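Data from protein03.pdb: PDB, C-alpha atoms
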ATOM      1  CA  MET A   1     122.358 138.172  74.250
ATOM      2  CA  ASN A   2     119.227 139.641  72.655
ATOM      3  CA  GLU A   3     115.828 137.976  72.315
ATOM      4  CA  PHE A   4     116.437 136.671  68.788
ATOM      5  CA  GLU A   5     119.801 135.183  69.716
ATOM      6  CA  LEU A   6     118.140 133.478  72.685
ATOM      7  CA  ILE A   7     115.500 131.910  70.429
ATOM      8  CA  ARG A   8     118.063 130.867  67.816
ATOM      9  CA  ASP A   9     120.588 129.414  70.254
ATOM     10  CA  TYR A  10     118.246 127.605  72.650
ATOM     11  CA  PHE A  11     114.894 126.896  70.998
ATOM     12  CA  ALA A  12     115.264 126.780  67.202
ATOM     13  CA  ARG A  13     117.533 123.716  67.514
ATOM     14  CA  GLN A  14     115.617 120.745  68.884
ATOM     15  CA  PRO A  15     115.577 116.937  68.649
ATOM     16  CA  VAL A  16     112.231 116.495  66.846
ATOM     17  CA  THR A  17     111.450 117.454  63.238
ATOM     18  CA  ARG A  18     107.974 116.444  62.132
ATOM     19  CA  ALA A  19     106.871 116.086  58.507
ATOM     20  CA  ASP A  20     103.581 117.856  59.290
ATOM     21  CA  VAL A  21     105.401 121.090  60.246
ATOM     22  CA  VAL A  22     105.575 123.151  57.040
ATOM     23  CA  VAL A  23     106.931 126.292  58.743
ATOM     24  CA  GLY A  24     108.152 126.209  62.338
ATOM     25  CA  ILE A  25     110.242 128.606  64.404
ATOM     26  CA  GLY A  26     111.544 131.693  62.610
ATOM     27  CA  ASP A  27     108.515 133.193  60.883
ATOM     28  CA  ASP A  28     105.562 135.227  62.140
ATOM     29  CA  ALA A  29     103.530 132.053  62.689
ATOM     30  CA  ALA A  30     103.760 128.314  62.218
ATOM     31  CA  VAL A  31     102.212 126.506  59.244
ATOM     32  CA  LEU A  32     101.041 122.994  60.095
ATOM     33  CA  GLU A  33      99.456 120.132  58.159
ATOM     34  CA  LEU A  34      96.288 118.609  59.658
ATOM     35  CA  PRO A  35      95.507 114.915  59.067
ATOM     36  CA  VAL A  36      92.203 114.550  57.219
ATOM     37  CA  ASP A  37      90.914 111.746  59.475
ATOM     38  CA  ARG A  38      91.734 113.333  62.844
ATOM     39  CA  GLN A  39      90.373 116.011  65.149
ATOM     40  CA  LEU A  40      92.709 118.587  66.675
ATOM     41  CA  VAL A  41      92.957 118.650  70.487
ATOM     42  CA  VAL A  42      94.474 121.793  72.035
ATOM     43  CA  SER A  43      95.323 122.596  75.659
ATOM     44  CA  THR A  44      97.409 125.112  77.566
ATOM     45  CA  ASP A  45      98.948 125.417  81.029
ATOM     46  CA  MET A  46     101.024 128.047  82.783
ATOM     47  CA  LEU A  47     103.616 127.476  85.519
ATOM     48  CA  VAL A  48     104.645 130.345  87.784
ATOM     49  CA  ALA A  49     107.730 130.213  90.002
ATOM     50  CA  GLY A  50     106.763 130.202  93.666
ATOM     51  CA  VAL A  51     103.257 128.950  92.851
ATOM     52  CA  HIS A  52     103.638 125.796  90.759
ATOM     53  CA  PHE A  53     107.225 125.053  91.739
ATOM     54  CA  PRO A  54     109.657 126.403  94.354
ATOM     55  CA  GLN A  55     111.968 129.171  93.148
ATOM     56  CA  GLU A  56     115.013 126.972  93.766
ATOM     57  CA  THR A  57     113.783 124.079  91.570
ATOM     58  CA  ALA A  58     116.442 122.833  89.152
ATOM     59  CA  PRO A  59     115.868 124.342  85.665
ATOM     60  CA  ALA A  60     115.899 120.918  83.964
ATOM     61  CA  ALA A  61     113.032 119.852  86.230
ATOM     62  CA  VAL A  62     111.169 123.090  85.451
ATOM     63  CA  GLY A  63     111.471 122.477  81.698
ATOM     64  CA  TYR A  64     110.395 118.851  82.059
ATOM     65  CA  LYS A  65     107.391 119.557  84.258
ATOM     66  CA  ALA A  66     106.176 122.499  82.164
ATOM     67  CA  LEU A  67     105.737 120.146  79.223
ATOM     68  CA  ALA A  68     104.646 117.133  81.287
ATOM     69  CA  VAL A  69     101.578 118.845  82.736
ATOM     70  CA  ASN A  70     100.436 119.783  79.221
ATOM     71  CA  LEU A  71     101.047 116.261  77.948
ATOM     72  CA  SER A  72      98.907 115.032  80.830
ATOM     73  CA  ASP A  73      95.979 117.106  79.536
ATOM     74  CA  LEU A  74      96.315 115.489  76.100
ATOM     75  CA  ALA A  75      96.524 112.070  77.771
ATOM     76  CA  ALA A  76      93.238 112.740  79.562
ATOM     77  CA  MET A  77      91.616 113.408  76.169
ATOM     78  CA  GLY A  78      93.104 110.286  74.575
ATOM     79  CA  ALA A  79      95.089 112.461  72.159
ATOM     80  CA  SER A  80      98.406 111.725  70.440
ATOM     81  CA  PRO A  81     100.842 114.663  70.877
ATOM     82  CA  ALA A  82     102.115 116.607  67.872
ATOM     83  CA  TRP A  83     103.227 120.235  68.452
ATOM     84  CA  PHE A  84     103.659 122.825  71.168
ATOM     85  CA  THR A  85     104.402 126.518  71.582
ATOM     86  CA  LEU A  86     106.329 128.089  74.447
ATOM     87  CA  ASN A  87     105.856 131.487  76.091
ATOM     88  CA  LEU A  88     108.714 132.156  78.477
ATOM     89  CA  SER A  89     109.152 135.054  80.895
ATOM     90  CA  LEU A  90     112.683 135.221  82.350
ATOM     91  CA  PRO A  91     114.274 137.529  84.924
ATOM     92  CA  ALA A  92     117.505 137.321  82.891
ATOM     93  CA  ALA A  93     118.915 135.423  79.897
ATOM     94  CA  ASP A  94     121.157 133.118  81.908
ATOM     95  CA  PRO A  95     122.907 130.645  79.533
ATOM     96  CA  VAL A  96     123.476 128.044  82.264
ATOM     97  CA  TRP A  97     119.806 128.120  83.298
ATOM     98  CA  LEU A  98     118.598 128.069  79.686
ATOM     99  CA  ARG A  99     120.740 125.078  78.704
ATOM    100  CA  ALA A 100     119.439 123.037  81.617
ATOM    101  CA  PHE A 101     115.827 124.155  81.062
ATOM    102  CA  CYS A 102     116.011 123.151  77.393
ATOM    103  CA  ALA A 103     117.539 119.795  78.290
ATOM    104  CA  GLY A 104     114.560 118.930  80.486
ATOM    105  CA  LEU A 105     112.058 120.328  77.997
ATOM    106  CA  PHE A 106     113.432 118.652  74.891
ATOM    107  CA  ASP A 107     114.213 115.316  76.551
ATOM    108  CA  LEU A 108     110.505 114.899  77.208
ATOM    109  CA  ALA A 109     109.488 116.360  73.834
ATOM    110  CA  GLY A 110     111.709 113.833  72.086
ATOM    111  CA  ALA A 111     110.193 110.946  74.040
ATOM    112  CA  PHE A 112     106.743 111.782  72.626
ATOM    113  CA  GLY A 113     107.653 113.100  69.166
ATOM    114  CA  LEU A 114     106.638 116.683  69.971
ATOM    115  CA  GLN A 115     108.018 119.591  67.949
ATOM    116  CA  LEU A 116     108.252 123.147  69.275
ATOM    117  CA  VAL A 117     106.757 125.348  66.542
ATOM    118  CA  GLY A 118     106.768 128.849  68.050
ATOM    119  CA  GLY A 119     106.183 131.036  71.058
ATOM    120  CA  ASP A 120     107.452 134.216  72.674
ATOM    121  CA  THR A 121     110.072 135.346  75.182
ATOM    122  CA  THR A 122     110.015 138.363  77.474
ATOM    123  CA  ARG A 123     111.782 139.702  80.531
ATOM    124  CA  GLY A 124     109.904 139.389  83.805
ATOM    125  CA  PRO A 125     109.166 136.994  86.709
ATOM    126  CA  LEU A 126     109.896 133.364  85.835
ATOM    127  CA  THR A 127     106.746 132.066  84.140
ATOM    128  CA  ILE A 128     106.335 129.291  81.578
ATOM    129  CA  GLY A 129     103.254 129.041  79.381
ATOM    130  CA  ILE A 130     102.863 126.138  76.964
ATOM    131  CA  GLN A 131     100.140 125.457  74.432
ATOM    132  CA  ILE A 132     100.065 121.888  73.179
ATOM    133  CA  ALA A 133      98.227 120.238  70.289
ATOM    134  CA  GLY A 134      97.547 116.629  69.342
ATOM    135  CA  PHE A 135      95.156 114.444  67.380
ATOM    136  CA  VAL A 136      92.374 111.950  68.036
ATOM    137  CA  PRO A 137      90.325 109.923  65.556
ATOM    138  CA  HIS A 138      87.014 111.620  64.803
ATOM    139  CA  GLY A 139      84.560 111.287  67.688
ATOM    140  CA  GLN A 140      86.959 109.381  69.969
ATOM    141  CA  ALA A 141      88.172 112.132  72.316
ATOM    142  CA  LEU A 142      87.775 111.176  75.975
ATOM    143  CA  LEU A 143      85.501 113.640  77.789
ATOM    144  CA  ARG A 144      84.456 114.299  81.375
ATOM    145  CA  SER A 145      80.757 113.976  80.591
ATOM    146  CA  GLY A 146      80.284 110.277  79.798
ATOM    147  CA  ALA A 147      80.274 108.577  83.217
ATOM    148  CA  ARG A 148      77.101 106.598  84.023
ATOM    149  CA  PRO A 149      75.814 104.771  87.141
ATOM    150  CA  GLY A 150      77.470 101.381  87.483
ATOM    151  CA  ASP A 151      80.712 102.417  85.780
ATOM    152  CA  GLY A 152      83.874 101.465  87.644
ATOM    153  CA  ILE A 153      86.255 104.264  88.665
ATOM    154  CA  TYR A 154      89.950 103.654  88.011
ATOM    155  CA  VAL A 155      93.237 105.508  88.446
ATOM    156  CA  THR A 156      96.677 104.951  86.984
ATOM    157  CA  GLY A 157      99.917 104.851  88.955
ATOM    158  CA  TRP A 158     100.245 106.112  92.532
ATOM    159  CA  LEU A 159      98.448 108.886  94.380
ATOM    160  CA  GLY A 160      99.884 111.289  96.932
ATOM    161  CA  ASP A 161     103.642 110.938  96.429
ATOM    162  CA  ALA A 162     103.966 114.394  94.838
ATOM    163  CA  ALA A 163     102.182 115.903  97.840
ATOM    164  CA  LEU A 164     104.653 114.158 100.146
ATOM    165  CA  GLY A 165     107.472 115.631  98.071
ATOM    166  CA  LEU A 166     106.114 119.138  98.575
ATOM    167  CA  MET A 167     105.757 118.461 102.302
ATOM    168  CA  CYS A 168     109.423 117.471 102.379
ATOM    169  CA  LEU A 169     110.456 120.695 100.651
ATOM    170  CA  ARG A 170     108.397 122.681 103.152
ATOM    171  CA  GLU A 171     110.011 120.731 106.012
ATOM    172  CA  GLN A 172     106.615 119.401 107.081
ATOM    173  CA  LEU A 173     107.756 115.798 106.639
ATOM    174  CA  ARG A 174     111.063 113.989 107.114
ATOM    175  CA  LEU A 175     111.807 110.866 105.105
ATOM    176  CA  PRO A 176     114.847 108.625 104.604
ATOM    177  CA  GLU A 177     116.977 109.969 101.756
ATOM    178  CA  SER A 178     115.950 107.312  99.210
ATOM    179  CA  ASP A 179     112.248 107.812 100.008
ATOM    180  CA  ARG A 180     112.640 111.593  99.828
ATOM    181  CA  ALA A 181     114.282 111.249  96.403
ATOM    182  CA  GLN A 182     111.371 109.120  95.183
ATOM    183  CA  VAL A 183     108.645 111.563  96.193
ATOM    184  CA  LEU A 184     110.603 114.570  94.896
ATOM    185  CA  GLN A 185     110.928 112.770  91.557
ATOM    186  CA  ARG A 186     107.157 112.350  91.467
ATOM    187  CA  LEU A 187     106.704 116.047  92.261
ATOM    188  CA  GLU A 188     109.237 117.438  89.803
ATOM    189  CA  ARG A 189     109.081 114.858  86.993
ATOM    190  CA  PRO A 190     105.585 113.346  86.775
ATOM    191  CA  THR A 191     105.013 110.753  84.063
ATOM    192  CA  PRO A 192     102.341 111.849  81.569
ATOM    193  CA  ARG A 193     100.151 108.813  80.841
ATOM    194  CA  VAL A 194      99.901 109.472  77.107
ATOM    195  CA  HIS A 195     100.030 105.852  75.948
ATOM    196  CA  GLU A 196      97.415 104.828  78.507
ATOM    197  CA  GLY A 197      95.134 107.670  77.366
ATOM    198  CA  GLU A 198      95.453 106.600  73.740
ATOM    199  CA  ALA A 199      94.638 102.997  74.709
ATOM    200  CA  LEU A 200      91.498 104.090  76.592
ATOM    201  CA  ARG A 201      89.838 105.504  73.466
ATOM    202  CA  GLY A 202      86.626 103.577  72.874
ATOM    203  CA  LEU A 203      86.936 101.940  76.294
ATOM    204  CA  ALA A 204      86.624 104.642  78.956
ATOM    205  CA  SER A 205      83.312 106.454  79.327
ATOM    206  CA  ALA A 206      84.962 109.513  80.949
ATOM    207  CA  CYS A 207      88.481 110.627  81.817
ATOM    208  CA  ILE A 208      90.394 113.431  83.522
ATOM    209  CA  ASP A 209      93.953 113.941  84.721
ATOM    210  CA  ILE A 210      94.561 114.407  88.437
ATOM    211  CA  SER A 211      96.247 117.792  88.690
ATOM    212  CA  ASP A 212      94.327 119.431  91.566
ATOM    213  CA  GLY A 213      93.686 116.286  93.608
ATOM    214  CA  LEU A 214      91.441 113.235  93.236
ATOM    215  CA  VAL A 215      88.487 114.829  95.040
ATOM    216  CA  ALA A 216      88.514 117.983  92.918
ATOM    217  CA  ASP A 217      89.152 116.317  89.572
ATOM    218  CA  LEU A 218      86.803 113.353  90.016
ATOM    219  CA  GLY A 219      84.310 115.973  91.155
ATOM    220  CA  HIS A 220      84.597 117.648  87.734
ATOM    221  CA  VAL A 221      83.688 114.338  86.085
ATOM    222  CA  LEU A 222      80.697 113.864  88.376
ATOM    223  CA  GLU A 223      79.439 117.373  87.710
ATOM    224  CA  ALA A 224      79.885 117.121  83.939
ATOM    225  CA  SER A 225      78.216 113.689  83.863
ATOM    226  CA  GLY A 226      75.381 114.508  86.274
ATOM    227  CA  VAL A 227      76.188 111.579  88.585
ATOM    228  CA  GLY A 228      77.713 110.780  91.977
ATOM    229  CA  ALA A 229      80.278 108.272  93.189
ATOM    230  CA  GLN A 230      81.560 106.220  96.094
ATOM    231  CA  VAL A 231      85.311 105.740  96.551
ATOM    232  CA  GLU A 232      86.807 103.231  98.982
ATOM    233  CA  LEU A 233      89.952 104.740 100.502
ATOM    234  CA  ALA A 234      91.338 101.272 101.243
ATOM    235  CA  THR A 235      91.633 100.699  97.476
ATOM    236  CA  LEU A 236      93.667 103.844  96.710
ATOM    237  CA  PRO A 237      96.999 103.010  95.051
ATOM    238  CA  LEU A 238      99.608 104.181  97.551
ATOM    239  CA  SER A 239     103.331 103.633  97.191
ATOM    240  CA  ALA A 240     105.342 101.832  99.859
ATOM    241  CA  VAL A 241     106.750 105.235 100.872
ATOM    242  CA  TYR A 242     103.249 106.634 101.403
ATOM    243  CA  GLN A 243     102.029 103.537 103.227
ATOM    244  CA  ALA A 244     104.939 103.831 105.650
ATOM    245  CA  VAL A 245     103.862 107.335 106.724
ATOM    246  CA  ARG A 246     100.092 107.130 106.238
ATOM    247  CA  GLY A 247      99.539 107.024 109.985
ATOM    248  CA  GLN A 248     101.355 110.345 110.195
ATOM    249  CA  VAL A 249      99.992 112.160 107.101
ATOM    250  CA  GLY A 250      96.545 110.556 106.782
ATOM    251  CA  TRP A 251      94.519 110.383 103.570
ATOM    252  CA  ASN A 252      94.585 114.055 102.580
ATOM    253  CA  PRO A 253      97.797 114.041 100.478
ATOM    254  CA  ALA A 254      96.387 111.211  98.368
ATOM    255  CA  VAL A 255      92.938 112.670  97.780
ATOM    256  CA  ALA A 256      93.165 116.461  98.002
ATOM    257  CA  ARG A 257      96.643 117.807  97.281
ATOM    258  CA  GLY A 258      97.196 117.372  93.543
ATOM    259  CA  ASP A 259     100.295 117.254  91.325
ATOM    260  CA  ASP A 260      99.842 113.512  90.701
ATOM    261  CA  TYR A 261      99.183 113.846  86.946
ATOM    262  CA  GLU A 262      97.700 110.365  86.865
ATOM    263  CA  LEU A 263      94.536 109.544  84.933
ATOM    264  CA  CYS A 264      91.188 109.017  86.646
ATOM    265  CA  PHE A 265      88.708 107.321  84.328
ATOM    266  CA  THR A 266      85.441 105.410  84.308
ATOM    267  CA  VAL A 267      84.636 102.201  82.461
ATOM    268  CA  PRO A 268      81.217 100.528  81.977
ATOM    269  CA  ALA A 269      80.864  97.054  83.478
ATOM    270  CA  GLN A 270      80.664  95.325  80.093
ATOM    271  CA  ARG A 271      84.027  96.818  79.050
ATOM    272  CA  GLN A 272      85.911  96.005  82.244
ATOM    273  CA  PRO A 273      87.194  92.602  81.017
ATOM    274  CA  ALA A 274      88.646  94.374  77.964
ATOM    275  CA  LEU A 275      90.293  96.914  80.278
ATOM    276  CA  GLU A 276      91.856  94.168  82.379
ATOM    277  CA  ALA A 277      93.271  92.515  79.261
ATOM    278  CA  LEU A 278      94.612  95.839  77.994
ATOM    279  CA  ALA A 279      96.107  96.882  81.326
ATOM    280  CA  ALA A 280      98.896  94.329  80.986
ATOM    281  CA  GLN A 281     100.290  96.511  78.171
ATOM    282  CA  PHE A 282     100.310  99.726  80.233
ATOM    283  CA  ASP A 283     103.513 101.272  81.555
ATOM    284  CA  CYS A 284     101.896 101.580  84.993
ATOM    285  CA  ALA A 285      99.430  99.726  87.168
ATOM    286  CA  ILE A 286      95.752 100.671  87.264
ATOM    287  CA  ARG A 287      93.500 100.310  90.279
ATOM    288  CA  ARG A 288      89.722 100.278  90.632
ATOM    289  CA  ILE A 289      88.849 102.641  93.486
ATOM    290  CA  GLY A 290      85.072 102.989  93.369
ATOM    291  CA  VAL A 291      81.857 103.089  91.406
ATOM    292  CA  ILE A 292      79.684 105.728  89.759
ATOM    293  CA  GLU A 293      76.258 106.119  91.379
ATOM    294  CA  ALA A 294      73.071 107.918  90.425
ATOM    295  CA  ARG A 295      72.924 109.837  93.717
ATOM    296  CA  PRO A 296      74.829 113.131  93.348
ATOM    297  CA  GLY A 297      77.957 113.851  95.358
ATOM    298  CA  LEU A 298      81.244 112.146  96.099
ATOM    299  CA  ARG A 299      81.351 109.810  99.091
ATOM    300  CA  LEU A 300      84.747 108.769 100.455
ATOM    301  CA  VAL A 301      84.626 105.708 102.713
ATOM    302  CA  GLU A 302      87.384 104.833 105.198
ATOM    303  CA  PRO A 303      88.370 101.178 105.806
ATOM    304  CA  SER A 304      86.287 101.297 109.008
ATOM    305  CA  GLY A 305      83.201 102.202 106.993
ATOM    306  CA  ALA A 306      83.129 105.780 108.299
ATOM    307  CA  ALA A 307      82.713 108.702 105.936
ATOM    308  CA  PHE A 308      85.864 110.698 105.273
ATOM    309  CA  ARG A 309      85.912 114.419 104.555
ATOM    310  CA  PRO A 310      89.179 115.921 103.248
ATOM    311  CA  ASP A 311      90.511 119.062 104.876
ATOM    312  CA  ILE A 312      90.339 120.920 101.545
ATOM    313  CA  PRO A 313      88.407 120.039  98.359
ATOM    314  CA  GLY A 314      91.537 120.216  96.178
ATOM    315  CA  PHE A 315      93.989 122.833  94.948
ATOM    316  CA  ASP A 316      92.472 126.155  93.873
ATOM    317  CA  HIS A 317      94.523 129.258  92.986
ATOM    318  CA  PHE A 318      91.823 131.637  94.193
ATOM    319  CA  ARG A 319      90.436 129.903  97.271
ATOM    320  CA  GLY A 320      90.239 132.196 100.254
ATOM    321  CA  PRO A 321      91.703 131.397 103.686
TER     322      PRO A 321
END

Can the structure in the file be given as C-alpha cells, please?
Amino acid sequence: MNEFELIRDYFARQPVTRADVVVGIGDDAAVLELPVDRQLVVSTDMLVAGVHFPQETAPAAVGYKALAVNLSDLAAMGASPAWFTLNLSLPAADPVWLRAFCAGLFDLAGAFGLQLVGGDTTRGPLTIGIQIAGFVPHGQALLRSGARPGDGIYVTGWLGDAALGLMCLREQLRLPESDRAQVLQRLERPTPRVHEGEALRGLASACIDISDGLVADLGHVLEASGVGAQVELATLPLSAVYQAVRGQVGWNPAVARGDDYELCFTVPAQRQPALEALAAQFDCAIRRIGVIEARPGLRLVEPSGAAFRPDIPGFDHFRGP
C-alpha cells in the first residue's frame, strides 16, 4: 500500500463529522470555521515508542493514549475539543496494526466529538505527533499564572497508579492480576478530564494537567504564579491498589513519576463552596491536598509532620544521570 492509500483506507473514514469543518482530509490544508464568540486553544504532544510507551504496547492503546494526552492539555485550559491533526511515523504499513491503532484513536475521538482534519505519514521509527484544537469563551481559558496565597489546591481522580503500571511492566513490582490490570489501564488508557476542565472555567484560579508528576507540574503553577505551596501527603488521593503497596513503593510514584493525566487546580476560598456543589456532577472525585502560600517553594509534609523530598523532581526527557 502507498501513502495515499494508507490515508484513504485508515484515516479519511472516521466516526465524527463536524459542521465547522469546511474542508478536511484530502486537500493541501484544512478549512475550518471559527465561532465568533470563542477563542481558539491549540496544543501538541508527541509520543515516541520506547520513550512514552513500551515497544510492545497494543496498537489500540497507543492510538488511544496519543489522543488522550492531547485532550488532557485542552482539559487543563478549560477548552472544549474540536479538531486534531495526526503526524504518524511508521516502520511499515501494517494493516493489522493500523486497524487497531485507528480503533483506539477514533473511539476516543468519537467520545469527545473530535474530527481528524489532516496530518502527514512517513516511514521511520514509530512516533505519533498530534496537534489538537478547541474553544473557550473569551477570557475564560484556565492558566497556570492565577494562583494566589490562601487558594486551596485540588486534584482530580487518583495519583500514582500509572507509575505502578510502569513498574509492573519493568518487573519492579508484582501485583495480583486484577490489581495489575487496573494500574496498566491507568497507564495505557488515562481518562482526559475534559468535562471537569470545562466546569472549572470561572471557578479555578489556575490549572495544569499532571503529565510529569505532581511535584513538577504543581511547580510550574507556583513558578508562573509567583507563589509557594504546602501539600499534605496524607491527603493525596490514592487508589486501594496503591494503598496496599504504599509501604513498599513509598510516596514517589504518586508525586514524582507522571502519566496520571489528572488535573491539579487552585480555587480561592470564597469559591470553594461552589466547587463542592459542582463536584457532585464530575465523573471523578476531587480531593483538596494543600494550600497556596506566599513563601516560595513547594513543601511536602508527611503524616508524621516531617518534610518529604522526592527522589526526582518529576519526569524530564533531558535530565542527566

Picked residues, the PyMOL selection byres ((chain A and resi 128-131) around 12), as a ChimeraX atom specification: /A:41-49,51-53,59,62-71,73-74,81-91,101,105,114-127,132-134

Around all the atoms of stretch 13-26 of chain A listed in the file, with 6 Å of room on each side, what axis-aligned box do you get, giving centre and edge lengths in Å to one decimal, as AutoDock Vina command-line options?
--center_x 110.6 --center_y 123.9 --center_z 63.0 --size_x 26.0 --size_y 27.6 --size_z 23.8

Between atom CA of A:Ala61 and atom CA of A:Val136, measure the distance and give it in Å to one decimal.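 Spanning atom CA of A:Ala61 to atom CA of A:Val136 is a straight-line distance of 28.6 Å.
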
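Using all atoms listed in the file, the nearest neighbour of A:Leu40 within the list A:Ala274, A:Ala141, A:Leu184, A:Ala93 is A:Ala141.
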
Mind telling me what the PyMOL selection byres ((chain A and resi 149-152) around 7) catches here, as number ranges by chain? A: 147-148, 153-154, 227, 266-269, 288, 290-294

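Distance check against A:Ala19 using all atoms listed in the file: of A:Pro253, A:Gly258, A:Gly157, A:Pro35, the minimum falls on A:Pro35.
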
For each of A:Ser145, A:Gln182, A:Gln272, A:Gln55, take the minimum atom-to-atom distance to A:Ser239, counting only C-alpha atoms, then give the residue where this is smallest. A:Gln182

Find the distance between atom CA of A:Trp97 and atom CA of A:Met167 and write it in Å to one decimal.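 Computing it gives 25.5 Å between the two atoms.
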
Pick out the residues sitting within 7 Å of stretch 202-214 of chain A, and hand them over as a list of chain:residue names; count all atoms listed in the file, and ignore anything fewer than 6 positions along from it in its own chain. A:Ser72, A:Asp73, A:Ala76, A:Gln140, A:Leu142, A:Leu143, A:Arg144, A:Ser145, A:Gly146, A:Ala147, A:Val255, A:Ala256, A:Arg257, A:Gly258, A:Asp259, A:Asp260, A:Tyr261, A:Glu262, A:Leu263, A:Cys264, A:Phe265, A:Thr266, A:Val267, A:Pro268, A:Arg271, A:Gly314, A:Phe315

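Picked out by the PyMOL selection byres ((chain A and resi 297) around 12) when it runs on this file: Val215, Ala216, Leu218, Gly219, His220, Val221, Leu222, Glu223, Ser225, Gly226, Val227, Gly228, Ala229, Gln230, Val231, Ile292, Glu293, Ala294, Arg295, Pro296, Leu298, Arg299 and Leu300 of chain A.
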
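Computed from the coordinates, the atom CA of A:Cys168 to atom CA of A:Arg180 distance equals 7.2 Å.
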
Protein/DNA/RNA residues near (102.7, 102.7, 79.8), cut 12 Å, all atoms listed in the file, as an MDAnalysis selection string: chainID A and resid 75 156:157 191:200 262:263 278:286

Export of prior selection with C-alpha atoms as a compact mmCIF listing (two decimals), in the frame of the given file:
# COMPACT_ATOMS: atom_id res chain seq x y z
CA ALA A 75 96.52 112.07 77.77
CA THR A 156 96.68 104.95 86.98
CA GLY A 157 99.92 104.85 88.96
CA THR A 191 105.01 110.75 84.06
CA PRO A 192 102.34 111.85 81.57
CA ARG A 193 100.15 108.81 80.84
CA VAL A 194 99.90 109.47 77.11
CA HIS A 195 100.03 105.85 75.95
CA GLU A 196 97.42 104.83 78.51
CA GLY A 197 95.13 107.67 77.37
CA GLU A 198 95.45 106.60 73.74
CA ALA A 199 94.64 103.00 74.71
CA LEU A 200 91.50 104.09 76.59
CA GLU A 262 97.70 110.36 86.86
CA LEU A 263 94.54 109.54 84.93
CA LEU A 278 94.61 95.84 77.99
CA ALA A 279 96.11 96.88 81.33
CA ALA A 280 98.90 94.33 80.99
CA GLN A 281 100.29 96.51 78.17
CA PHE A 282 100.31 99.73 80.23
CA ASP A 283 103.51 101.27 81.56
CA CYS A 284 101.90 101.58 84.99
CA ALA A 285 99.43 99.73 87.17
CA ILE A 286 95.75 100.67 87.26

Using all atoms listed in the file, which residues sit within 12 Å of A:Ser304 once same-chain residues fewer than 6 positions away are excluded, as a ChimeraX atom specification? /A:232-234

The residue from A:Arg186, A:Arg99, A:Arg38, A:Arg170 with the smallest atom-to-atom distance to A:Arg13, counting all atoms listed in the file, is A:Arg99

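For the residues A:Pro95, A:Gly78, A:Gly26, A:Pro237, ranking by smallest atom-to-atom distance to A:Tyr10 using only C-alpha atoms places A:Pro95 first.
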
Contacts of A:Ala60 within 7 Å, only C-alpha atoms, excl. fewer than 5 positions in-chain, as a list in words: Ala100, Phe101, Cys102, Ala103 and Gly104 of chain A
